[in-house]
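In what follows, a single structure is set out as structure tokens and then discussed.
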Amino acid sequence: MIRLSDAIVIAATKLRTHRIRTTITIILSSLLFAALIAAIIITTGVTKSVAVFNNQGLNNRYLVWAQADNPLFGGVLSTKEFITLAQQKGKDLIIAKQAEAKKLGIDYNAGNEPSATLTESMSGQNSVHVNFQSYAAIEAMQEYVKQHPSPDLNELKQAAANYHPIGFYSSIMAGLSNGNMSIMSNGSENFTPTDDQRVSLLFPGQTSLMVDDSHLTQPFILPGTTTNGSNIPLIVSYSTAEGLLGLPKLPSNASTKDHYDRIQQVYRQTTNNAVTVTTCYRNSVSQQQIDQAISQADEIARNKSNKDYQKPSLIYGLPAANSCNKATIISDKRTAAEKKTQAAQDQFDATFGQVVVPVQQKLTFQVVGLSPSTSNSNTTFSDLLSSIVGSSLTDGSDVIPADLLDKMSTATSVKSTLLADNSNPLAVANPNYYVEFSNANDARRFITDKSCTTRMEGTCASPGRLFQLTASGNNSIALQDLQQKIASVLGLATIGVVVLAVIIMTSMIGRTVADGRRETAVFRALGAKRSDIVAIYAVYTLCLIILIAIISLAVGLGAAYGLDAYYGQDATLQAKLLFDAVNTNLTFRFFSINIALLGVVVVIIVISGLFSMVIPTLRNIRRNPIQDMREE
């Protein structure tokens, strides 16, 4: 009988023979398991880090964006029904204008009225389409929208009822239906602004201005923020706030720490100071009078020495630059008849939808919240991290919190300007709705079951599915799917690693057993039992397993630690930029040891090694020792 100590000595001797073969086997098997160990450590670290940061902003919430089509989309305007309606509106409009003009005592030429429809000839065929410059066509669109309203919030609630929603919110796109705003730098209006100073919505670089429900905006409100009751509350991205504060852009080669320090600086300055931007809104008539005042002043100055020059009967002047008032009237030498005719014409134009009254208003916006800036590129690790785990409210838009807007002392006036109904129904965007769910499964099922299939132009084409649906605000649903897929991939990778390791170790142990046939035969001839032979190769295999386990753990831990050391600080800073620029205690780690999972890997190594030993050892101990000695 061979003692355990003897088996250990023999096994150690075998490890020193065929060193190249043994070394290659250990290295290959170790690298396979090391890759698996590193993947587990890194995945565990990332998962835990995302969970920690996921409590910021809109993360860890399952929001679905929903929007229905404008009823005029989907080819409606080219249908025979609508063309007939528009043409009839055109006829009715001419009759109404003729009657109104006669009542007011002014001239009206029906031949100058824009037709409600236009006819074009293409490839020998006539094509009739709507003339968007016609007031009759606008009336036809307004009537069609009233008759065919868009699906509303109640219909969305019905669609989501079976998916356990926990909240419904709305977001309205603000806009200026007539006119524009100019930024009043240092409190003064530039009456000849550049494109950068005159903006259609708010600030250059922003795609839209939204009014969002407080359930969406609350996570982004700065602590202790108050307004004076007349300032319009606004949530902007960090990059926009940086510009409003007048901070110079960081150089292109700035480090992640430089970017994080800048974010902290922006946060401190916007929290401790009321960051405001004052603008002057003017409708088209108000702006036209300002432009006329400038051109008249220039014309009068050019003709100062011209004795034959006659000044206009009505001369406009510029208001004080800090007032945002309408243009002043310097001189009005119109006759009573001219004034009466003009008043009648204004009444006529107003009756049929034209703006005739100058409207201007000074609007002061105050930053009350910050949202992480979004990136459209994935060229760097930081950009990739941003696209995966980022949570942003603005998404290229500035946002007004609806609850704070309602509390303004000037709320009615501000809403009349920023939320004015556009006369052209085509230019009015339907409200954005949001449905919140308590878990990803309900949100995912709702999107899959109820989202409409879209046509090439992006409109819904699915009967019974009235809304376009997509996950919004964050990637919580996608992250959960990604985690499940990663777990599945790791499971498949584990099976693959085990199979490859078993093949490699079986080949190695089988070759070692085959080389030791004479040795085994001698032991058998001396009275060694089959169990003794098995013990020798079991100890030999266990020695291999121990070496492989030690090397695998060392290499796997080292690789994961190296990745964490190299990218950890950058990832931490970037995650803070994305989630929470204030909490300096949060860290993003790629290194986290899960003892249970690592223990499972070690067990797998042991089982794989022992399994590799079984077949060649059983085959060897069943052989005839006398025949093995003769053949050797």
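By convention in this document, the chains of the structure tokens carry letters A, B, ... by their order, each chain's residues are numbered from 1, and ligands are numbered from 1 in the order they are shown.
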*as an NGL selection string, which residues of region 43-123 of chain A does DSSP assign to strand (DSSP E or B)?*
:A and (62-68 or 117-122)
Expected file: the selected residues, C-alpha atoms, as a PDB file, in the first residue's frame:
ATOM      1  CA  TYR A  62     -38.859  53.578 -15.301  1.00  0.00           C
ATOM      2  CA  LEU A  63     -40.288  56.335 -17.490  1.00  0.00           C
ATOM      3  CA  VAL A  64     -41.848  55.890 -20.909  1.00  0.00           C
ATOM      4  CA  TRP A  65     -42.249  58.854 -23.246  1.00  0.00           C
ATOM      5  CA  ALA A  66     -45.494  58.915 -25.245  1.00  0.00           C
ATOM      6  CA  GLN A  67     -46.664  61.187 -28.019  1.00  0.00           C
ATOM      7  CA  ALA A  68     -49.521  60.958 -30.493  1.00  0.00           C
ATOM      8  CA  THR A 117     -54.771  75.507 -52.707  1.00  0.00           C
ATOM      9  CA  LEU A 118     -52.120  75.522 -55.415  1.00  0.00           C
ATOM     10  CA  THR A 119     -51.957  73.364 -58.510  1.00  0.00           C
ATOM     11  CA  GLU A 120     -48.665  72.115 -59.910  1.00  0.00           C
ATOM     12  CA  SER A 121     -48.047  70.125 -63.048  1.00  0.00           C
ATOM     13  CA  MET A 122     -45.605  67.240 -62.671  1.00  0.00           C
TER      14      MET A 122
END
*If you count only C-alpha atoms, which residues fall within 12 Å of Gly224 (chain A), apart from same-chain ones fewer than 6 positions away, as a list in words?*
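Selected residues are Thr270, Thr271, Asn272, Asn273, Ala274, Val368 and Gly369 of chain A.
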Generate a file of the selected residues that holds N, CA and C atoms, formatted as a CSV table (one decimal), in the first residue's frame.
chain,number,residue,atom,x,y,z
A,270,THR,N,-24.0,78.7,-9.3
A,270,THR,CA,-25.4,78.8,-9.5
A,270,THR,C,-26.2,78.5,-8.3
A,271,THR,N,-25.7,77.8,-7.3
A,271,THR,CA,-26.4,77.6,-6.0
A,271,THR,C,-26.3,78.8,-5.1
A,272,ASN,N,-25.2,79.5,-5.1
A,272,ASN,CA,-25.0,80.6,-4.2
A,272,ASN,C,-25.4,81.9,-4.8
A,273,ASN,N,-25.6,82.0,-6.1
A,273,ASN,CA,-26.0,83.2,-6.7
A,273,ASN,C,-27.2,83.0,-7.6
A,274,ALA,N,-28.0,84.1,-7.7
A,274,ALA,CA,-29.1,84.0,-8.7
A,274,ALA,C,-28.6,84.3,-10.1
A,368,VAL,N,-32.7,77.7,-11.8
A,368,VAL,CA,-33.1,77.1,-10.5
A,368,VAL,C,-32.7,75.7,-10.5
A,369,GLY,N,-32.2,75.1,-11.5
A,369,GLY,CA,-31.8,73.7,-11.5
A,369,GLY,C,-30.7,73.4,-12.6
*In region 71-294 of chain A, DSSP alpha helix (DSSP H) residues written as number ranges by chain*: A: 80-104, 135-147, 153-160, 214-217, 238-244, 256-272, 284-294
_Pick from A:Ile593, A:Leu370, A:Ile605, A:Leu553 nearest to Lys48 (chain A), counting only C-alpha atoms_ =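 Checking each candidate against Lys48 (chain A), we get A:Ile593 as the closest.
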*For Gln158 (chain A), list every protein, DNA or RNA residue within 12 Å, evaluated using only C-alpha atoms, and leave out those in the same chain fewer than 2 positions away; present the list as a ChimeraX atom specification.*
/A:151-156,160-165,168,435,446,450,464-467
_Spatial neighbours of Ser462 (chain A), max dist 12 Å, only C-alpha atoms, sep filter under 6 positions, as a ChimeraX atom specification_ = /A:68-69,74,449-455,468
*asked:* Would you pick out the contacts of Val236 (chain A) at 8 Å or less, using only C-alpha atoms, so that residues sharing its chain but fewer than 5 positions from it are not included, and give the list as an MDAnalysis selection string?
replied: chainID A and resid 241 367 369:371 394 397:399
Using N, CA and C atoms, can you export the residues from the last selection as a PDB file, in the first residue's frame?
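Ended up saving to out-v6.pdb:
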ATOM      1  N   ALA A 241     -25.166  76.556 -18.327  1.00  0.00           N
ATOM      2  CA  ALA A 241     -24.896  77.385 -17.142  1.00  0.00           C
ATOM      3  C   ALA A 241     -23.483  77.942 -17.185  1.00  0.00           C
ATOM      4  N   VAL A 367     -31.868  80.655 -13.340  1.00  0.00           N
ATOM      5  CA  VAL A 367     -31.489  79.245 -13.264  1.00  0.00           C
ATOM      6  C   VAL A 367     -31.817  78.727 -11.866  1.00  0.00           C
ATOM      7  N   GLY A 369     -32.151  75.142 -11.532  1.00  0.00           N
ATOM      8  CA  GLY A 369     -31.775  73.726 -11.536  1.00  0.00           C
ATOM      9  C   GLY A 369     -30.746  73.439 -12.605  1.00  0.00           C
ATOM     10  N   LEU A 370     -30.032  72.350 -12.404  1.00  0.00           N
ATOM     11  CA  LEU A 370     -28.995  71.930 -13.347  1.00  0.00           C
ATOM     12  C   LEU A 370     -29.221  70.476 -13.739  1.00  0.00           C
ATOM     13  N   SER A 371     -29.046  70.216 -15.006  1.00  0.00           N
ATOM     14  CA  SER A 371     -29.161  68.856 -15.519  1.00  0.00           C
ATOM     15  C   SER A 371     -27.852  68.496 -16.208  1.00  0.00           C
ATOM     16  N   THR A 394     -32.693  67.681 -19.722  1.00  0.00           N
ATOM     17  CA  THR A 394     -32.823  68.663 -20.791  1.00  0.00           C
ATOM     18  C   THR A 394     -32.795  68.043 -22.174  1.00  0.00           C
ATOM     19  N   SER A 397     -32.717  70.654 -24.445  1.00  0.00           N
ATOM     20  CA  SER A 397     -33.767  71.650 -24.215  1.00  0.00           C
ATOM     21  C   SER A 397     -33.576  72.298 -22.848  1.00  0.00           C
ATOM     22  N   ASP A 398     -33.978  73.567 -22.758  1.00  0.00           N
ATOM     23  CA  ASP A 398     -34.107  74.190 -21.447  1.00  0.00           C
ATOM     24  C   ASP A 398     -35.492  73.854 -20.919  1.00  0.00           C
ATOM     25  N   VAL A 399     -35.631  73.754 -19.591  1.00  0.00           N
ATOM     26  CA  VAL A 399     -36.877  73.273 -19.005  1.00  0.00           C
ATOM     27  C   VAL A 399     -37.368  74.238 -17.934  1.00  0.00           C
TER      28      VAL A 399
END
*Find the residue from A:Ile329, A:Ala487, A:Leu573, A:Ala411 that sits nearest to Asp258 (chain A); use only C-alpha atoms when measuring.*
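Looking only at the distances to Asp258 (chain A), the closest residue turns out to be A:Leu573.
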*Give me the residues within 8 Å of Leu77 (chain A) as a VMD selection string, counting only C-alpha atoms and dropping any in the same chain fewer than 5 places off.*
chain A and resid 72 82 to 83 129 to 130
Since we have the selection now, will you write its residues out, keeping C-alpha atoms, as a PDB file, in the first residue's frame?
ATOM      1  CA  LEU A  72     -52.797  66.748 -39.810  1.00  0.00           C
ATOM      2  CA  PHE A  82     -59.243  68.145 -47.021  1.00  0.00           C
ATOM      3  CA  ILE A  83     -58.579  69.835 -50.382  1.00  0.00           C
ATOM      4  CA  HIS A 129     -51.767  70.853 -52.488  1.00  0.00           C
ATOM      5  CA  VAL A 130     -52.414  73.256 -49.632  1.00  0.00           C
TER       6      VAL A 130
END
May I have the residues within 12 Å of Lys146 (chain A) as a short mmCIF file (atom, residue, chain, number, x, y, z; two decimals) with N, CA and C atoms, in the first residue's frame, using only C-alpha atoms and disregarding those fewer than 4 positions away in the same chain?
data_model
loop_
_atom_site.label_atom_id
_atom_site.label_comp_id
_atom_site.auth_asym_id
_atom_site.auth_seq_id
_atom_site.Cartn_x
_atom_site.Cartn_y
_atom_site.Cartn_z
N ASN A 70 -49.79 64.55 -34.67
CA ASN A 70 -50.63 65.68 -35.02
C ASN A 70 -51.67 65.17 -36.01
N PRO A 71 -52.95 65.46 -35.81
CA PRO A 71 -54.00 64.90 -36.70
C PRO A 71 -53.83 65.30 -38.16
N LEU A 72 -53.00 66.31 -38.43
CA LEU A 72 -52.80 66.75 -39.81
C LEU A 72 -51.68 65.98 -40.50
N GLU A 139 -57.53 78.15 -41.60
CA GLU A 139 -58.86 77.91 -41.03
C GLU A 139 -59.30 76.47 -41.26
N ALA A 140 -59.01 75.94 -42.46
CA ALA A 140 -59.39 74.55 -42.77
C ALA A 140 -58.65 73.58 -41.85
N MET A 141 -57.38 73.86 -41.59
CA MET A 141 -56.61 72.99 -40.70
C MET A 141 -57.14 73.07 -39.28
N GLN A 142 -57.47 74.27 -38.83
CA GLN A 142 -58.02 74.42 -37.48
C GLN A 142 -59.34 73.67 -37.33
N SER A 150 -56.32 64.97 -31.41
CA SER A 150 -55.29 63.97 -31.13
C SER A 150 -55.67 63.16 -29.89
N PRO A 425 -51.90 75.20 -37.05
CA PRO A 425 -51.93 73.93 -36.32
C PRO A 425 -50.77 73.00 -36.67
#
For region 256-342 of chain A against region 349-358 of chain A, with a cut-off of 12 Å and counting only C-alpha atoms, what is the closest atom pair and its distance in Å to one decimal for every residue that makes the cut, ordered by chain and number, as a tab-separated table?
residue	atom	partner	partner_atom	distance
A:Tyr281	CA	A:Pro358	CA	10.8
A:Arg282	CA	A:Pro358	CA	7.6
A:Asn283	CA	A:Pro358	CA	6.4
A:Ser284	CA	A:Pro358	CA	7.4
A:Val285	CA	A:Pro358	CA	4.9
A:Ser286	CA	A:Pro358	CA	4.3
A:Gln287	CA	A:Pro358	CA	8.0
A:Gln288	CA	A:Pro358	CA	8.8
A:Gln289	CA	A:Pro358	CA	8.2
A:Ile290	CA	A:Pro358	CA	10.2
A:Cys324	CA	A:Pro358	CA	11.9
A:Asn325	CA	A:Pro358	CA	9.8
A:Lys326	CA	A:Pro358	CA	7.0
A:Ala327	CA	A:Pro358	CA	9.0
A:Thr328	CA	A:Pro358	CA	11.5
A:Gln342	CA	A:Asp349	CA	10.4
*Provide the CA of Ser252 (chain A) to CA of Tyr567 (chain A) distance in Å, to one decimal place.*
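For CA of Ser252 (chain A) relative to CA of Tyr567 (chain A), the distance reads 19.5 Å.
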